file coords_1.cif (mmCIF, N, CA and C atoms)
data_structure
#
loop_
_atom_site.label_atom_id
_atom_site.label_comp_id
_atom_site.auth_asym_id
_atom_site.auth_seq_id
_atom_site.Cartn_x
_atom_site.Cartn_y
_atom_site.Cartn_z
N MET J 1 11.79 -26.62 3.72
CA MET J 1 11.28 -27.94 4.01
C MET J 1 9.95 -28.10 3.26
N ASP J 2 9.86 -29.13 2.42
CA ASP J 2 8.60 -29.36 1.71
C ASP J 2 7.67 -30.23 2.54
N ASP J 3 6.45 -30.46 2.02
CA ASP J 3 5.44 -31.23 2.76
C ASP J 3 5.93 -32.63 3.10
N HIS J 4 6.64 -33.28 2.17
CA HIS J 4 7.13 -34.64 2.41
C HIS J 4 8.12 -34.65 3.57
N ASP J 5 9.05 -33.70 3.61
CA ASP J 5 10.03 -33.61 4.69
C ASP J 5 9.34 -33.33 6.03
N GLU J 6 8.33 -32.48 6.01
CA GLU J 6 7.62 -32.15 7.24
C GLU J 6 6.89 -33.36 7.79
N VAL J 7 6.23 -34.14 6.93
CA VAL J 7 5.55 -35.36 7.38
C VAL J 7 6.56 -36.37 7.91
N ALA J 8 7.68 -36.54 7.23
CA ALA J 8 8.72 -37.48 7.66
C ALA J 8 9.28 -37.09 9.02
N ALA J 9 9.42 -35.80 9.28
CA ALA J 9 9.99 -35.33 10.55
C ALA J 9 9.06 -35.57 11.72
N THR J 10 7.76 -35.67 11.47
CA THR J 10 6.80 -35.84 12.56
C THR J 10 6.34 -37.28 12.73
N MET J 11 6.75 -38.18 11.83
CA MET J 11 6.34 -39.58 11.94
C MET J 11 7.12 -40.27 13.04
N VAL J 12 6.45 -41.20 13.73
CA VAL J 12 7.08 -41.98 14.77
C VAL J 12 7.62 -43.26 14.13
N PRO J 13 8.89 -43.60 14.35
CA PRO J 13 9.43 -44.83 13.78
C PRO J 13 8.63 -46.05 14.22
N ASP J 14 8.60 -47.07 13.38
CA ASP J 14 7.85 -48.29 13.67
C ASP J 14 8.31 -49.00 14.93
N ASP J 15 9.57 -48.85 15.30
CA ASP J 15 10.09 -49.57 16.45
C ASP J 15 9.86 -48.84 17.79
N VAL J 16 9.11 -47.74 17.77
CA VAL J 16 8.78 -47.03 19.00
C VAL J 16 7.43 -47.53 19.49
N ASN J 17 7.46 -48.26 20.61
CA ASN J 17 6.25 -48.86 21.15
C ASN J 17 5.35 -47.84 21.82
N GLU J 18 4.08 -48.21 21.96
CA GLU J 18 3.13 -47.37 22.67
C GLU J 18 3.66 -47.11 24.08
N GLY J 19 3.47 -45.90 24.56
CA GLY J 19 3.96 -45.54 25.89
C GLY J 19 5.40 -45.05 25.88
N HIS J 20 5.96 -44.81 24.71
CA HIS J 20 7.33 -44.34 24.56
C HIS J 20 7.36 -43.15 23.61
N PHE J 21 8.44 -42.38 23.64
CA PHE J 21 8.64 -41.29 22.70
C PHE J 21 10.13 -41.18 22.40
N VAL J 22 10.44 -40.46 21.34
CA VAL J 22 11.83 -40.34 20.89
C VAL J 22 12.37 -38.96 21.25
N VAL J 23 13.58 -38.95 21.80
CA VAL J 23 14.30 -37.70 22.03
C VAL J 23 15.65 -37.82 21.34
N VAL J 24 16.20 -36.67 21.00
CA VAL J 24 17.53 -36.62 20.38
C VAL J 24 18.41 -35.75 21.26
N ALA J 25 19.50 -36.33 21.75
CA ALA J 25 20.48 -35.57 22.52
C ALA J 25 21.46 -34.95 21.55
N VAL J 26 21.62 -33.63 21.61
CA VAL J 26 22.49 -32.92 20.68
C VAL J 26 23.38 -31.95 21.46
N LYS J 27 24.68 -32.11 21.29
CA LYS J 27 25.64 -31.16 21.86
C LYS J 27 26.80 -31.07 20.89
N GLY J 28 26.91 -29.95 20.21
CA GLY J 28 27.95 -29.79 19.20
C GLY J 28 27.72 -30.78 18.07
N GLU J 29 28.73 -31.56 17.75
CA GLU J 29 28.64 -32.56 16.68
C GLU J 29 28.03 -33.88 17.17
N GLU J 30 27.92 -34.07 18.49
CA GLU J 30 27.40 -35.33 19.04
C GLU J 30 25.89 -35.34 18.98
N THR J 31 25.33 -36.37 18.33
CA THR J 31 23.88 -36.53 18.22
C THR J 31 23.53 -38.00 18.36
N GLN J 32 22.52 -38.30 19.19
CA GLN J 32 22.06 -39.68 19.32
C GLN J 32 20.59 -39.66 19.72
N SER J 33 19.82 -40.59 19.15
CA SER J 33 18.40 -40.71 19.46
C SER J 33 18.18 -41.77 20.52
N PHE J 34 17.17 -41.53 21.37
CA PHE J 34 16.81 -42.46 22.43
C PHE J 34 15.31 -42.66 22.42
N VAL J 35 14.86 -43.88 22.68
CA VAL J 35 13.45 -44.17 22.89
C VAL J 35 13.24 -44.17 24.40
N VAL J 36 12.34 -43.31 24.88
CA VAL J 36 12.17 -43.07 26.31
C VAL J 36 10.74 -43.44 26.73
N GLU J 37 10.60 -44.10 27.87
CA GLU J 37 9.28 -44.41 28.41
C GLU J 37 8.61 -43.13 28.90
N LEU J 38 7.29 -43.06 28.76
CA LEU J 38 6.54 -41.88 29.20
C LEU J 38 6.73 -41.59 30.68
N GLY J 39 7.03 -42.60 31.48
CA GLY J 39 7.24 -42.41 32.92
C GLY J 39 8.34 -41.42 33.24
N TYR J 40 9.29 -41.22 32.32
CA TYR J 40 10.37 -40.26 32.57
C TYR J 40 9.86 -38.82 32.60
N LEU J 41 8.63 -38.61 32.13
CA LEU J 41 8.07 -37.25 32.19
C LEU J 41 7.78 -36.82 33.63
N LYS J 42 7.93 -37.74 34.59
CA LYS J 42 7.79 -37.42 36.01
C LYS J 42 9.15 -37.30 36.70
N ASN J 43 10.22 -37.64 35.99
CA ASN J 43 11.55 -37.63 36.56
C ASN J 43 12.09 -36.19 36.61
N PRO J 44 12.42 -35.67 37.80
CA PRO J 44 12.87 -34.28 37.92
C PRO J 44 14.10 -33.95 37.07
N LYS J 45 15.02 -34.88 36.94
CA LYS J 45 16.23 -34.62 36.15
C LYS J 45 15.89 -34.53 34.67
N PHE J 46 15.00 -35.42 34.21
CA PHE J 46 14.59 -35.39 32.81
C PHE J 46 13.77 -34.13 32.55
N LEU J 47 12.91 -33.75 33.48
CA LEU J 47 12.12 -32.53 33.33
C LEU J 47 13.01 -31.30 33.23
N ARG J 48 14.12 -31.30 33.95
CA ARG J 48 15.05 -30.17 33.87
C ARG J 48 15.63 -30.07 32.46
N LEU J 49 15.92 -31.22 31.84
CA LEU J 49 16.40 -31.20 30.45
C LEU J 49 15.33 -30.64 29.52
N LEU J 50 14.08 -30.99 29.75
CA LEU J 50 12.99 -30.45 28.94
C LEU J 50 12.88 -28.94 29.10
N GLU J 51 13.08 -28.45 30.30
CA GLU J 51 13.07 -27.00 30.53
C GLU J 51 14.23 -26.33 29.78
N GLN J 52 15.40 -26.96 29.79
CA GLN J 52 16.54 -26.42 29.06
C GLN J 52 16.26 -26.42 27.55
N ALA J 53 15.58 -27.47 27.07
CA ALA J 53 15.22 -27.54 25.65
C ALA J 53 14.25 -26.42 25.29
N GLU J 54 13.30 -26.15 26.19
CA GLU J 54 12.35 -25.05 25.95
C GLU J 54 13.10 -23.72 25.86
N GLU J 55 14.04 -23.50 26.78
CA GLU J 55 14.80 -22.25 26.79
C GLU J 55 15.63 -22.10 25.51
N GLU J 56 16.21 -23.20 25.05
CA GLU J 56 17.11 -23.13 23.89
C GLU J 56 16.38 -23.19 22.55
N TYR J 57 15.35 -24.05 22.45
CA TYR J 57 14.70 -24.29 21.16
C TYR J 57 13.26 -23.81 21.08
N GLY J 58 12.64 -23.52 22.21
CA GLY J 58 11.23 -23.14 22.21
C GLY J 58 10.33 -24.35 22.08
N PHE J 59 9.03 -24.10 21.90
CA PHE J 59 8.06 -25.19 21.85
C PHE J 59 7.81 -25.68 20.44
N LYS J 60 8.30 -25.02 19.43
CA LYS J 60 7.98 -25.37 18.04
C LYS J 60 8.96 -26.39 17.48
N GLN J 61 9.00 -27.57 18.07
CA GLN J 61 9.83 -28.65 17.55
C GLN J 61 8.93 -29.66 16.85
N ASN J 62 9.32 -30.10 15.67
CA ASN J 62 8.59 -31.15 14.96
C ASN J 62 9.32 -32.47 15.15
N GLY J 63 8.55 -33.55 15.25
CA GLY J 63 9.17 -34.87 15.36
C GLY J 63 9.72 -35.10 16.75
N ALA J 64 10.88 -35.73 16.80
CA ALA J 64 11.51 -36.06 18.08
C ALA J 64 11.88 -34.78 18.83
N LEU J 65 11.82 -34.84 20.14
CA LEU J 65 12.24 -33.71 20.97
C LEU J 65 13.76 -33.64 20.98
N THR J 66 14.30 -32.45 20.79
CA THR J 66 15.74 -32.25 20.84
C THR J 66 16.11 -31.74 22.22
N LEU J 67 17.06 -32.43 22.86
CA LEU J 67 17.52 -32.04 24.18
C LEU J 67 18.96 -31.53 24.09
N PRO J 68 19.26 -30.40 24.73
CA PRO J 68 20.59 -29.80 24.63
C PRO J 68 21.58 -30.43 25.62
N CYS J 69 21.98 -31.67 25.34
CA CYS J 69 22.98 -32.32 26.19
C CYS J 69 23.72 -33.37 25.36
N ARG J 70 24.87 -33.77 25.85
CA ARG J 70 25.62 -34.82 25.18
C ARG J 70 24.86 -36.15 25.32
N PRO J 71 24.94 -37.03 24.33
CA PRO J 71 24.25 -38.31 24.42
C PRO J 71 24.61 -39.12 25.67
N ASP J 72 25.88 -39.10 26.06
CA ASP J 72 26.26 -39.87 27.25
C ASP J 72 25.65 -39.28 28.51
N GLU J 73 25.43 -37.96 28.55
CA GLU J 73 24.78 -37.33 29.70
C GLU J 73 23.32 -37.79 29.80
N LEU J 74 22.61 -37.81 28.67
CA LEU J 74 21.22 -38.26 28.67
C LEU J 74 21.15 -39.73 29.06
N GLN J 75 22.06 -40.53 28.57
CA GLN J 75 22.09 -41.95 28.91
C GLN J 75 22.19 -42.13 30.42
N LYS J 76 23.04 -41.36 31.05
CA LYS J 76 23.22 -41.47 32.50
C LYS J 76 21.98 -40.98 33.25
N ILE J 77 21.32 -39.95 32.74
CA ILE J 77 20.09 -39.47 33.37
C ILE J 77 19.02 -40.55 33.29
N LEU J 78 18.90 -41.18 32.14
CA LEU J 78 17.89 -42.22 31.97
C LEU J 78 18.17 -43.43 32.84
N GLN J 79 19.40 -43.63 33.20
CA GLN J 79 19.76 -44.74 34.06
C GLN J 79 19.72 -44.34 35.54
N GLY J 80 19.40 -43.07 35.81
CA GLY J 80 19.34 -42.61 37.20
C GLY J 80 20.70 -42.56 37.86
N ARG J 81 21.74 -42.30 37.09
CA ARG J 81 23.09 -42.36 37.61
C ARG J 81 23.79 -41.00 37.59
N CYS J 82 23.03 -39.93 37.56
CA CYS J 82 23.69 -38.62 37.58
C CYS J 82 22.76 -37.58 38.20
N GLU J 83 23.29 -36.42 38.34
CA GLU J 83 22.57 -35.32 38.96
C GLU J 83 22.79 -34.07 38.13
N ILE J 84 21.73 -33.34 37.83
CA ILE J 84 21.88 -32.09 37.08
C ILE J 84 22.10 -30.97 38.08
N THR J 85 23.15 -30.19 37.85
CA THR J 85 23.44 -29.04 38.69
C THR J 85 23.45 -27.81 37.80
N GLY J 86 23.61 -26.66 38.38
CA GLY J 86 23.68 -25.44 37.60
C GLY J 86 24.84 -25.44 36.62
N ALA J 87 25.88 -26.20 36.95
CA ALA J 87 27.07 -26.25 36.10
C ALA J 87 27.01 -27.38 35.07
N GLY J 88 25.93 -28.14 35.04
CA GLY J 88 25.82 -29.23 34.07
C GLY J 88 25.42 -30.52 34.74
N VAL J 89 25.95 -31.63 34.21
CA VAL J 89 25.59 -32.95 34.70
C VAL J 89 26.76 -33.54 35.47
N GLN J 90 26.48 -34.02 36.67
CA GLN J 90 27.51 -34.66 37.47
C GLN J 90 27.24 -36.17 37.46
N VAL J 91 28.23 -36.95 37.08
CA VAL J 91 28.08 -38.40 36.98
C VAL J 91 28.24 -39.04 38.35
N ILE J 92 27.29 -39.94 38.71
CA ILE J 92 27.40 -40.69 39.95
C ILE J 92 28.04 -42.04 39.68
N ASN J 93 27.57 -42.77 38.68
CA ASN J 93 28.24 -43.97 38.18
C ASN J 93 27.76 -44.20 36.75
N SER J 94 28.25 -45.25 36.10
CA SER J 94 27.96 -45.40 34.69
C SER J 94 27.26 -46.72 34.37
N GLY J 95 26.80 -46.85 33.14
CA GLY J 95 26.13 -48.05 32.67
C GLY J 95 25.77 -47.89 31.21
N ILE J 96 25.02 -48.84 30.67
CA ILE J 96 24.66 -48.82 29.25
C ILE J 96 23.16 -49.01 29.10
N ILE J 97 22.53 -48.24 28.20
CA ILE J 97 21.14 -48.46 27.85
C ILE J 97 21.02 -48.53 26.34
N ALA J 98 19.89 -49.01 25.85
CA ALA J 98 19.69 -49.10 24.41
C ALA J 98 19.33 -47.76 23.85
N SER J 99 19.86 -47.45 22.70
CA SER J 99 19.54 -46.23 21.98
C SER J 99 19.79 -46.49 20.52
N TYR J 100 19.42 -45.54 19.68
CA TYR J 100 19.70 -45.70 18.25
C TYR J 100 20.06 -44.39 17.63
#
call {"tool": "encode", "arguments": {"input": "coords_1.cif", "output": "C-alpha cells"}}
result
Amino acid sequence: MDDHDEVAATMVPDDVNEGHFVVVAVKGEETQSFVVELGYLKNPKFLRLLEQAEEEYGFKQNGALTLPCRPDELQKILQGRCEITGAGVQVINSGIIASY
C-alpha cells in the first residue's frame, strides 16, 4: 500500500455527517458499508460486534471499521430487531435502513 492508498483508506466520505462513522460488514463474499450514528457506541449489541472485530482483526484498522458479520445481520442490529447470542445473531423481526 503506497501513501496515496493509505490516505484514501483513512478519509471520511463527504456524505458522512458529523456525529456519524462508517463501518463495513464483511462475511465471506458479502460486504456492505453503513453510516452509523455515534449513539450506537452505547448499544450493547453493537458493542459486542466491536469486541468480535477486535478479536478477529485487532485494533490496527485504517479507515472504516470492519465488522465480522453479514450485512443483513448488522442492518437488523442497527434497527434494534435482533439479539446477539453465543451462536450468532437471532432475528426478532425485519426492516430496511439506508446503507451504501
call {"tool": "atom_distance", "arguments": {"input": "coords_1.cif", "atom1": "atom C of Asn62 of chain J", "atom2": "atom CA of Gly80 of chain J"}}
result
26.3 Å
call {"tool": "resolve_selection", "arguments": {"input": "coords_1.cif", "expression": "the PyMOL selection byres ((chain J and resi 37) around 7)", "output": "PDB file with N, CA and C atoms, keeping the file's coordinate frame"}}
result
ATOM      1  N   GLY J  19       3.470 -45.900  24.560  1.00  0.00           N
ATOM      2  CA  GLY J  19       3.960 -45.540  25.890  1.00  0.00           C
ATOM      3  C   GLY J  19       5.400 -45.050  25.880  1.00  0.00           C
ATOM      4  N   HIS J  20       5.960 -44.810  24.710  1.00  0.00           N
ATOM      5  CA  HIS J  20       7.330 -44.340  24.560  1.00  0.00           C
ATOM      6  C   HIS J  20       7.360 -43.150  23.610  1.00  0.00           C
ATOM      7  N   PHE J  21       8.440 -42.380  23.640  1.00  0.00           N
ATOM      8  CA  PHE J  21       8.640 -41.290  22.700  1.00  0.00           C
ATOM      9  C   PHE J  21      10.130 -41.180  22.400  1.00  0.00           C
ATOM     10  N   VAL J  35      14.860 -43.880  22.680  1.00  0.00           N
ATOM     11  CA  VAL J  35      13.450 -44.170  22.890  1.00  0.00           C
ATOM     12  C   VAL J  35      13.240 -44.170  24.400  1.00  0.00           C
ATOM     13  N   VAL J  36      12.340 -43.310  24.880  1.00  0.00           N
ATOM     14  CA  VAL J  36      12.170 -43.070  26.310  1.00  0.00           C
ATOM     15  C   VAL J  36      10.740 -43.440  26.730  1.00  0.00           C
ATOM     16  N   LEU J  38       7.290 -43.060  28.760  1.00  0.00           N
ATOM     17  CA  LEU J  38       6.540 -41.880  29.200  1.00  0.00           C
ATOM     18  C   LEU J  38       6.730 -41.590  30.680  1.00  0.00           C
ATOM     19  N   GLY J  39       7.030 -42.600  31.480  1.00  0.00           N
ATOM     20  CA  GLY J  39       7.240 -42.410  32.920  1.00  0.00           C
ATOM     21  C   GLY J  39       8.340 -41.420  33.240  1.00  0.00           C
ATOM     22  N   TYR J  40       9.290 -41.220  32.320  1.00  0.00           N
ATOM     23  CA  TYR J  40      10.370 -40.260  32.570  1.00  0.00           C
ATOM     24  C   TYR J  40       9.860 -38.820  32.600  1.00  0.00           C
ATOM     25  N   LEU J  41       8.630 -38.610  32.130  1.00  0.00           N
ATOM     26  CA  LEU J  41       8.070 -37.250  32.190  1.00  0.00           C
ATOM     27  C   LEU J  41       7.780 -36.820  33.630  1.00  0.00           C
TER      28      LEU J  41
END
call {"tool": "atom_distance", "arguments": {"input": "coords_1.cif", "atom1": "atom N of Pro68 of chain J", "atom2": "atom C of Lys42 of chain J"}}
result
17.1 Å
call {"tool": "select_by_dssp", "arguments": {"input": "coords_1.cif", "residues": "segment 32-90 of chain J", "states": "strand (DSSP E or B)", "output": "compact mmCIF listing (two decimals) with N, CA and C atoms, keeping the file's coordinate frame"}}
result
# COMPACT_ATOMS: atom_id res chain seq x y z
N GLN J 32 22.52 -38.30 19.19
CA GLN J 32 22.06 -39.68 19.32
C GLN J 32 20.59 -39.66 19.72
N SER J 33 19.82 -40.59 19.15
CA SER J 33 18.40 -40.71 19.46
C SER J 33 18.18 -41.77 20.52
N PHE J 34 17.17 -41.53 21.37
CA PHE J 34 16.81 -42.46 22.43
C PHE J 34 15.31 -42.66 22.42
N VAL J 35 14.86 -43.88 22.68
CA VAL J 35 13.45 -44.17 22.89
C VAL J 35 13.24 -44.17 24.40
N VAL J 36 12.34 -43.31 24.88
CA VAL J 36 12.17 -43.07 26.31
C VAL J 36 10.74 -43.44 26.73
N GLU J 37 10.60 -44.10 27.87
CA GLU J 37 9.28 -44.41 28.41
C GLU J 37 8.61 -43.13 28.90
N LEU J 65 11.82 -34.84 20.14
CA LEU J 65 12.24 -33.71 20.97
C LEU J 65 13.76 -33.64 20.98
N THR J 66 14.30 -32.45 20.79
CA THR J 66 15.74 -32.25 20.84
C THR J 66 16.11 -31.74 22.22
N LEU J 67 17.06 -32.43 22.86
CA LEU J 67 17.52 -32.04 24.18
C LEU J 67 18.96 -31.53 24.09
N CYS J 82 23.03 -39.93 37.56
CA CYS J 82 23.69 -38.62 37.58
C CYS J 82 22.76 -37.58 38.20
N GLU J 83 23.29 -36.42 38.34
CA GLU J 83 22.57 -35.32 38.96
C GLU J 83 22.79 -34.07 38.13
N ILE J 84 21.73 -33.34 37.83
CA ILE J 84 21.88 -32.09 37.08
C ILE J 84 22.10 -30.97 38.08
N THR J 85 23.15 -30.19 37.85
CA THR J 85 23.44 -29.04 38.69
C THR J 85 23.45 -27.81 37.80
N GLY J 88 25.93 -28.14 35.04
CA GLY J 88 25.82 -29.23 34.07
C GLY J 88 25.42 -30.52 34.74
N VAL J 89 25.95 -31.63 34.21
CA VAL J 89 25.59 -32.95 34.70
C VAL J 89 26.76 -33.54 35.47
N GLN J 90 26.48 -34.02 36.67
CA GLN J 90 27.51 -34.66 37.47
C GLN J 90 27.24 -36.17 37.46
call {"tool": "residues_near_point", "arguments": {"input": "coords_1.cif", "point": "(18.4, -36.1, 23.3)", "cutoff": "6.5 Å", "atoms": "only N, CA and C atoms", "output": "list in words"}}
result
Val23, Val24, Ala25, Val26, Gln32, Ser33, Phe34, Leu65, Thr66, Leu67, Pro68, Cys69, Pro71 and Leu74 of chain J
call {"tool": "atom_distance", "arguments": {"input": "coords_1.cif", "atom1": "atom C of Glu51 of chain J", "atom2": "atom N of Glu18 of chain J"}}
result
25.4 Å
call {"tool": "closest_residue", "arguments": {"input": "coords_1.cif", "among": "J:Glu30, J:Asp15, J:Ile77, J:Lys60", "to": "Arg48 of chain J", "atoms": "only C-alpha atoms"}}
result
J:Ile77
call {"tool": "closest_residue", "arguments": {"input": "coords_1.cif", "among": "J:Leu49, J:Gly63, J:Arg70, J:Gln79", "to": "Lys27 of chain J", "atoms": "all atoms listed in the file"}}
result
J:Arg70
call {"tool": "closest_residue", "arguments": {"input": "coords_1.cif", "among": "J:Leu47, J:Ala64, J:Gln52, J:Tyr57", "to": "Leu78 of chain J", "atoms": "only C-alpha atoms"}}
result
J:Leu47
call {"tool": "axis_aligned_box", "arguments": {"input": "coords_1.cif", "around": "segment 21-33 of chain J", "padding_each_side": "3 Å", "output": "AutoDock Vina command-line options"}}
result
--center_x 18.6 --center_y -36.1 --center_z 20.2 --size_x 26.3 --size_y 18.6 --size_z 13.0
